[in-house]
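Engineer: Please find one structure pasted underneath; my questions will follow.
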Amino acid sequence: MQTNDVSRALRARFRQNLQSVLELDLAYVGVVNGLFVALSDLQRADAAGLAVAAGMDPGYVTRWCDAAYAFGYLEADGDVFSLGATGQAMCPDAPDTLMPLAIQGVLTTHMAERAAALMRTGERPGEGVLAERETLLPWFGPMLEATYGPLFQHRICGEVDAFVRADARGGTVVDLGCGNGWYLRALARRFPAIRGIGLDGFDETIAQATRLAEREGSAGRLQFLRGDIHAWPIGQPADVIAMSRALHHVWEQGADGLIVELREHLAPGGSAVIWEPAWPAERSALRDPSRRTMAFQNLSEHVQGNHFLRPQEIVQAFERAGMPARILTFAEGNEAVVVATRVA
């Protein structure tokens, strides 16, 4: 293929990619402002009526409706709009909701802009970058829940026997970096005797987790507090300490010391259950389309002061602390759960 032909093909490809970016950006506006949900409830409405129902400015909603119609999220009968199939799928409570893709689209753009600026200075501002955009942080937990909740409930829960043992004795599971509490709420639905304590560093996510547990009827067994492994506000040792895609957030603070802290907070015979993206041993594996997102996310993690881990690194750290560990893999090897047990 001639150079000009390659250039034209790439230009067409990137223009199509740009259309996809715009499509997700538009969906993001509708998701975080409740426009899809409001129109689903109304079934049919003009822009002014939708603005009233969603509590939004009518000028912005009018322009959003035109754009959402252009991209096929909405259908129109004159000036009256209704949701198309794709718009219905963007509702957060829809089966197999597409909402996480809209949130991820804007989150990755935010992190790309931050990386572009910080690359000049080497600054790594930490977890606070998630709160720099006021519409992003409240949706970070729901995004994770919708993306990873089904895998956790249908696959991981059934293969981690530490949960079964904790349930049999009415034990306590502590979730470090609990976000909106989705992990513990899923455990509470599956294991009726488990008690859970979630720790997180953001007040907003703690409040969100508490509200959701109350709504689901599990608040009597679940408690959500501000804290972390270094500020342990819990009096007793745990039967299970869970970290769902969170260990890499504190790894660079000193992995061996962190693992020792985990061990000391576990009851004898208790287990640490660590779920992490499985960074591949060979760089060539990143060319696999299923790992491209992980490769970009690792750049985002650097902005936050983190990096993704190879599962064997985690196992070795636990073994240095005297805790035998094993690796379970899921999602074509892209997700790893390390289960390490404190010897009684």
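By convention in this document, the chains of the structure tokens carry letters A, B, ... by their order, each chain's residues are numbered from 1, and ligands are numbered from 1 in the order they are shown.
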Near stretch 118-128 of chain A, within 7 Å and counting only C-alpha atoms, which residues show up once chain neighbours fewer than 4 positions away are dropped, as a ChimeraX atom specification?

Structural biologist: /A:114,132,302-305

Engineer: Now that the selection is made, can you save its residues with N, CA and C atoms as a JSON list (two decimals), in the first residue's frame?

Structural biologist:
[["chain", "number", "residue", "atom", "x", "y", "z"],
["A", 114, "ARG", "N", -4.14, 14.85, 32.23],
["A", 114, "ARG", "CA", -3.27, 15.03, 33.41],
["A", 114, "ARG", "C", -1.89, 14.45, 33.13],
["A", 132, "GLU", "N", -10.91, 15.51, 41.06],
["A", 132, "GLU", "CA", -10.72, 16.81, 40.42],
["A", 132, "GLU", "C", -11.89, 17.22, 39.54],
["A", 302, "HIS", "N", 0.13, 5.62, 36.96],
["A", 302, "HIS", "CA", 1.35, 6.35, 37.29],
["A", 302, "HIS", "C", 1.03, 7.76, 37.77],
["A", 303, "VAL", "N", 0.04, 8.40, 37.15],
["A", 303, "VAL", "CA", -0.40, 9.72, 37.61],
["A", 303, "VAL", "C", -0.80, 9.66, 39.08],
["A", 304, "GLN", "N", -1.43, 8.56, 39.48],
["A", 304, "GLN", "CA", -1.92, 8.42, 40.85],
["A", 304, "GLN", "C", -0.86, 7.88, 41.82],
["A", 305, "GLY", "N", 0.37, 7.69, 41.32],
["A", 305, "GLY", "CA", 1.43, 7.18, 42.19],
["A", 305, "GLY", "C", 1.47, 5.68, 42.28]]

Engineer: For the contact check between stretch 120-237 of chain A and stretch 78-99 of chain A, emit one row per residue of stretch 120-237 of chain A within 12 Å, containing the shortest atom pair and the distance in Å rounded to one decimal, counting only C-alpha atoms, chain then rising number order, as CSV.

Structural biologist:
residue,atom,partner,partner_atom,distance
A:Trp139,CA,A:Met99,CA,9.5
A:Phe140,CA,A:Met99,CA,11.0
A:Gly141,CA,A:Met99,CA,11.9
A:Pro142,CA,A:Pro92,CA,8.2
A:Met143,CA,A:Met99,CA,7.1
A:Leu144,CA,A:Met99,CA,10.4
A:Glu145,CA,A:Pro92,CA,10.6
A:Ala146,CA,A:Thr97,CA,7.3
A:Thr147,CA,A:Asp96,CA,9.0
A:Tyr148,CA,A:Asp96,CA,11.4
A:Gly149,CA,A:Asp96,CA,10.9
A:Pro150,CA,A:Asp96,CA,9.4

Engineer: So, counting only C-alpha atoms, which residue among A:Arg189, A:Arg291, A:Arg169, A:Arg263 is closest to A:Pro277?

Structural biologist: A:Arg291

Engineer: Need the shell around A:Asp161: protein/DNA/RNA residues with any atom at most 12 Å away, counting only C-alpha atoms. Skip same-chain ones fewer than 4 positions apart. Format as a list in words?

Structural biologist: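 My list of contacting residues is Ile156, Cys157, Arg165, Ala166, Asp167, Ala168, Phe191, Asp239, Val240, Gly270, Ser271, Ala272, Val273, Leu328, Val339, Ala340 and Thr341 of chain A.
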
Engineer: Of the candidates A:Asp200, A:Glu332, A:Glu261, A:Asp41, which shows the shortest atom-to-atom distance to A:Leu176, using only C-alpha atoms?

Structural biologist: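 Of A:Asp200, A:Glu332, A:Glu261, A:Asp41, the one nearest A:Leu176, counting only C-alpha atoms, is A:Asp200.
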
Engineer: I need the strand (DSSP E or B) residues of stretch 86-331 of chain A per DSSP on the backbone, written as an mmCIF file with C-alpha atoms, in the first residue's frame.

Structural biologist:
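Listed below is the output, states_4.cif:
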data_model
loop_
_atom_site.group_PDB
_atom_site.id
_atom_site.type_symbol
_atom_site.label_atom_id
_atom_site.label_comp_id
_atom_site.auth_asym_id
_atom_site.auth_seq_id
_atom_site.Cartn_x
_atom_site.Cartn_y
_atom_site.Cartn_z
ATOM 1 C CA THR A 172 -15.822 -10.641 59.390
ATOM 2 C CA VAL A 173 -14.600 -9.555 55.962
ATOM 3 C CA VAL A 174 -12.766 -6.229 55.821
ATOM 4 C CA ASP A 175 -12.691 -4.568 52.397
ATOM 5 C CA LEU A 176 -9.829 -2.071 52.018
ATOM 6 C CA ARG A 195 -20.343 -9.495 58.454
ATOM 7 C CA GLY A 196 -18.439 -6.819 56.565
ATOM 8 C CA ILE A 197 -16.515 -3.638 57.280
ATOM 9 C CA GLY A 198 -15.504 -1.403 54.387
ATOM 10 C CA LEU A 199 -12.733 1.200 54.648
ATOM 11 C CA ASP A 200 -12.172 3.990 52.131
ATOM 12 C CA LEU A 222 -22.212 -4.084 56.847
ATOM 13 C CA GLN A 223 -20.449 -1.007 58.146
ATOM 14 C CA PHE A 224 -18.477 1.554 56.140
ATOM 15 C CA LEU A 225 -15.811 3.751 57.716
ATOM 16 C CA ARG A 226 -13.077 6.157 56.716
ATOM 17 C CA ASP A 228 -7.112 2.226 55.513
ATOM 18 C CA ALA A 231 -5.339 3.686 60.089
ATOM 19 C CA ALA A 238 -10.491 -10.148 60.449
ATOM 20 C CA ASP A 239 -11.322 -13.538 58.990
ATOM 21 C CA VAL A 240 -10.783 -12.153 55.490
ATOM 22 C CA ILE A 241 -9.100 -8.960 54.327
ATOM 23 C CA ALA A 242 -10.129 -8.157 50.772
ATOM 24 C CA MET A 243 -8.546 -5.678 48.406
ATOM 25 C CA SER A 244 -10.372 -5.387 45.108
ATOM 26 C CA LEU A 266 -5.777 -11.307 60.145
ATOM 27 C CA ALA A 267 -7.000 -13.910 62.615
ATOM 28 C CA PRO A 268 -4.978 -17.167 62.608
ATOM 29 C CA GLY A 269 -6.164 -19.167 59.598
ATOM 30 C CA GLY A 270 -7.615 -16.038 58.028
ATOM 31 C CA SER A 271 -6.968 -15.102 54.405
ATOM 32 C CA ALA A 272 -6.080 -12.065 52.354
ATOM 33 C CA VAL A 273 -8.014 -12.059 49.081
ATOM 34 C CA ILE A 274 -6.302 -9.745 46.610
ATOM 35 C CA TRP A 275 -7.917 -9.026 43.239
ATOM 36 C CA GLU A 276 -5.694 -7.236 40.744
ATOM 37 C CA PRO A 277 -5.406 -6.685 37.005
ATOM 38 C CA ALA A 325 -0.481 -18.029 48.504
ATOM 39 C CA ARG A 326 -2.096 -19.226 45.301
ATOM 40 C CA ILE A 327 -3.246 -17.482 42.127
ATOM 41 C CA LEU A 328 -6.682 -17.800 40.522
ATOM 42 C CA THR A 329 -7.080 -16.280 37.064
ATOM 43 C CA PHE A 330 -10.205 -15.057 35.309
#

Engineer: Within 10 Å of A:Glu264, counting only C-alpha atoms, which residues show up once you throw out same-chain ones fewer than 6 positions away? Write them as a short mmCIF file (atom, residue, chain, number, x, y, z; two decimals) with N, CA and C atoms, in the first residue's frame, please.

Structural biologist:
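Written out: result35.cif:
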data_model
loop_
_atom_site.label_atom_id
_atom_site.label_comp_id
_atom_site.auth_asym_id
_atom_site.auth_seq_id
_atom_site.Cartn_x
_atom_site.Cartn_y
_atom_site.Cartn_z
N PRO A 237 -9.29 -8.79 64.94
CA PRO A 237 -8.72 -9.28 63.68
C PRO A 237 -9.83 -9.75 62.74
N ALA A 238 -9.51 -9.79 61.47
CA ALA A 238 -10.49 -10.15 60.45
C ALA A 238 -10.30 -11.59 60.00
N LEU A 258 3.63 -3.47 53.99
CA LEU A 258 2.18 -3.54 53.84
C LEU A 258 1.67 -4.97 54.05
N ARG A 342 -2.90 -16.77 56.55
CA ARG A 342 -2.04 -16.69 57.73
C ARG A 342 -2.07 -18.04 58.43
#

Engineer: Name the residues of stretch 237-315 of chain A that fall into alpha helix (DSSP H) according to DSSP on the backbone, using the chain letters and numbers of this document, as a VMD selection string.

Structural biologist: chain A and resid 255 to 264 292 to 303 311 to 315

Engineer: Could those residues be written to a file, using N, CA and C atoms, as a CSV table (one decimal), in the first residue's frame?

Structural biologist:
chain,number,residue,atom,x,y,z
A,255,ALA,N,6.0,-2.5,49.8
A,255,ALA,CA,5.2,-3.8,49.7
A,255,ALA,C,5.3,-4.7,50.9
A,256,ASP,N,6.6,-4.9,51.3
A,256,ASP,CA,6.8,-5.9,52.3
A,256,ASP,C,6.2,-5.5,53.7
A,257,GLY,N,6.3,-4.2,54.0
A,257,GLY,CA,5.7,-3.7,55.2
A,257,GLY,C,4.2,-3.7,55.2
A,258,LEU,N,3.6,-3.5,54.0
A,258,LEU,CA,2.2,-3.5,53.8
A,258,LEU,C,1.7,-5.0,54.1
A,259,ILE,N,2.4,-6.0,53.5
A,259,ILE,CA,1.9,-7.3,53.6
A,259,ILE,C,2.0,-7.8,55.1
A,260,VAL,N,3.0,-7.3,55.8
A,260,VAL,CA,3.1,-7.7,57.2
A,260,VAL,C,1.9,-7.1,58.0
A,261,GLU,N,1.6,-5.8,57.6
A,261,GLU,CA,0.4,-5.2,58.3
A,261,GLU,C,-0.9,-6.0,58.0
A,262,LEU,N,-1.0,-6.5,56.8
A,262,LEU,CA,-2.2,-7.3,56.4
A,262,LEU,C,-2.2,-8.6,57.3
A,263,ARG,N,-1.0,-9.2,57.4
A,263,ARG,CA,-0.9,-10.5,58.2
A,263,ARG,C,-1.3,-10.2,59.6
A,264,GLU,N,-0.8,-9.1,60.2
A,264,GLU,CA,-1.1,-8.8,61.6
A,264,GLU,C,-2.5,-8.5,61.9
A,292,ARG,N,-5.1,-4.0,25.8
A,292,ARG,CA,-4.8,-2.6,25.5
A,292,ARG,C,-5.3,-1.6,26.5
A,293,THR,N,-6.5,-1.8,27.0
A,293,THR,CA,-7.0,-0.9,28.0
A,293,THR,C,-6.2,-1.0,29.2
A,294,MET,N,-5.7,-2.1,29.6
A,294,MET,CA,-4.8,-2.3,30.8
A,294,MET,C,-3.6,-1.5,30.6
A,295,ALA,N,-3.0,-1.5,29.4
A,295,ALA,CA,-1.8,-0.8,29.1
A,295,ALA,C,-2.0,0.7,29.3
A,296,PHE,N,-3.1,1.3,28.8
A,296,PHE,CA,-3.4,2.7,29.0
A,296,PHE,C,-3.6,3.0,30.4
A,297,GLN,N,-4.4,2.1,31.1
A,297,GLN,CA,-4.7,2.4,32.5
A,297,GLN,C,-3.4,2.4,33.4
A,298,ASN,N,-2.4,1.7,33.0
A,298,ASN,CA,-1.1,1.7,33.7
A,298,ASN,C,-0.5,3.1,33.7
A,299,LEU,N,-0.7,3.8,32.6
A,299,LEU,CA,-0.2,5.2,32.5
A,299,LEU,C,-1.1,6.1,33.5
A,300,SER,N,-2.4,5.8,33.5
A,300,SER,CA,-3.2,6.6,34.5
A,300,SER,C,-2.8,6.3,35.9
A,301,GLU,N,-2.4,5.0,36.2
A,301,GLU,CA,-2.0,4.6,37.5
A,301,GLU,C,-0.8,5.4,37.9
A,302,HIS,N,0.1,5.6,37.0
A,302,HIS,CA,1.4,6.3,37.3
A,302,HIS,C,1.0,7.8,37.8
A,303,VAL,N,0.0,8.4,37.2
A,303,VAL,CA,-0.4,9.7,37.6
A,303,VAL,C,-0.8,9.7,39.1
A,311,PRO,N,1.0,-10.9,39.0
A,311,PRO,CA,0.5,-11.8,40.1
A,311,PRO,C,1.6,-12.5,40.9
A,312,GLN,N,2.7,-12.9,40.2
A,312,GLN,CA,3.7,-13.6,41.0
A,312,GLN,C,4.5,-12.7,41.9
A,313,GLU,N,4.5,-11.4,41.6
A,313,GLU,CA,5.1,-10.4,42.6
A,313,GLU,C,4.3,-10.4,43.9
A,314,ILE,N,3.0,-10.5,43.8
A,314,ILE,CA,2.2,-10.5,45.0
A,314,ILE,C,2.4,-11.7,45.8
A,315,VAL,N,2.4,-12.9,45.1
A,315,VAL,CA,2.6,-14.1,45.8
A,315,VAL,C,3.9,-14.1,46.5

Engineer: Using only C-alpha atoms, which of the listed residues (A:Pro100, A:Pro192, A:Pro233, A:Gly322) sits closest to A:Gly220?

Structural biologist: A:Pro192

Engineer: What is the atom CA of A:Ala281 to atom CA of A:Gly179 distance in Å?

Structural biologist: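 We find that atom CA of A:Ala281 and atom CA of A:Gly179 lie 28.9 Å from each other.
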
Engineer: Point out the residue among A:Val61, A:Ala12, A:Ile206, A:Ala285 with the least atom-to-atom distance to A:Pro138, counting only C-alpha atoms.

Structural biologist: A:Ile206

Engineer: Quick one: distance from atom CA of A:Ala47 to atom CA of A:Thr62 in Å, one decimal?

Structural biologist: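 These two atoms are separated by 5.1 Å.
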
Engineer: How many Å lie between atom CA of A:Arg221 and atom CA of A:Ile194, rounded to one decimal?

Structural biologist: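 That distance, rounded to one decimal, is 7.4 Å.
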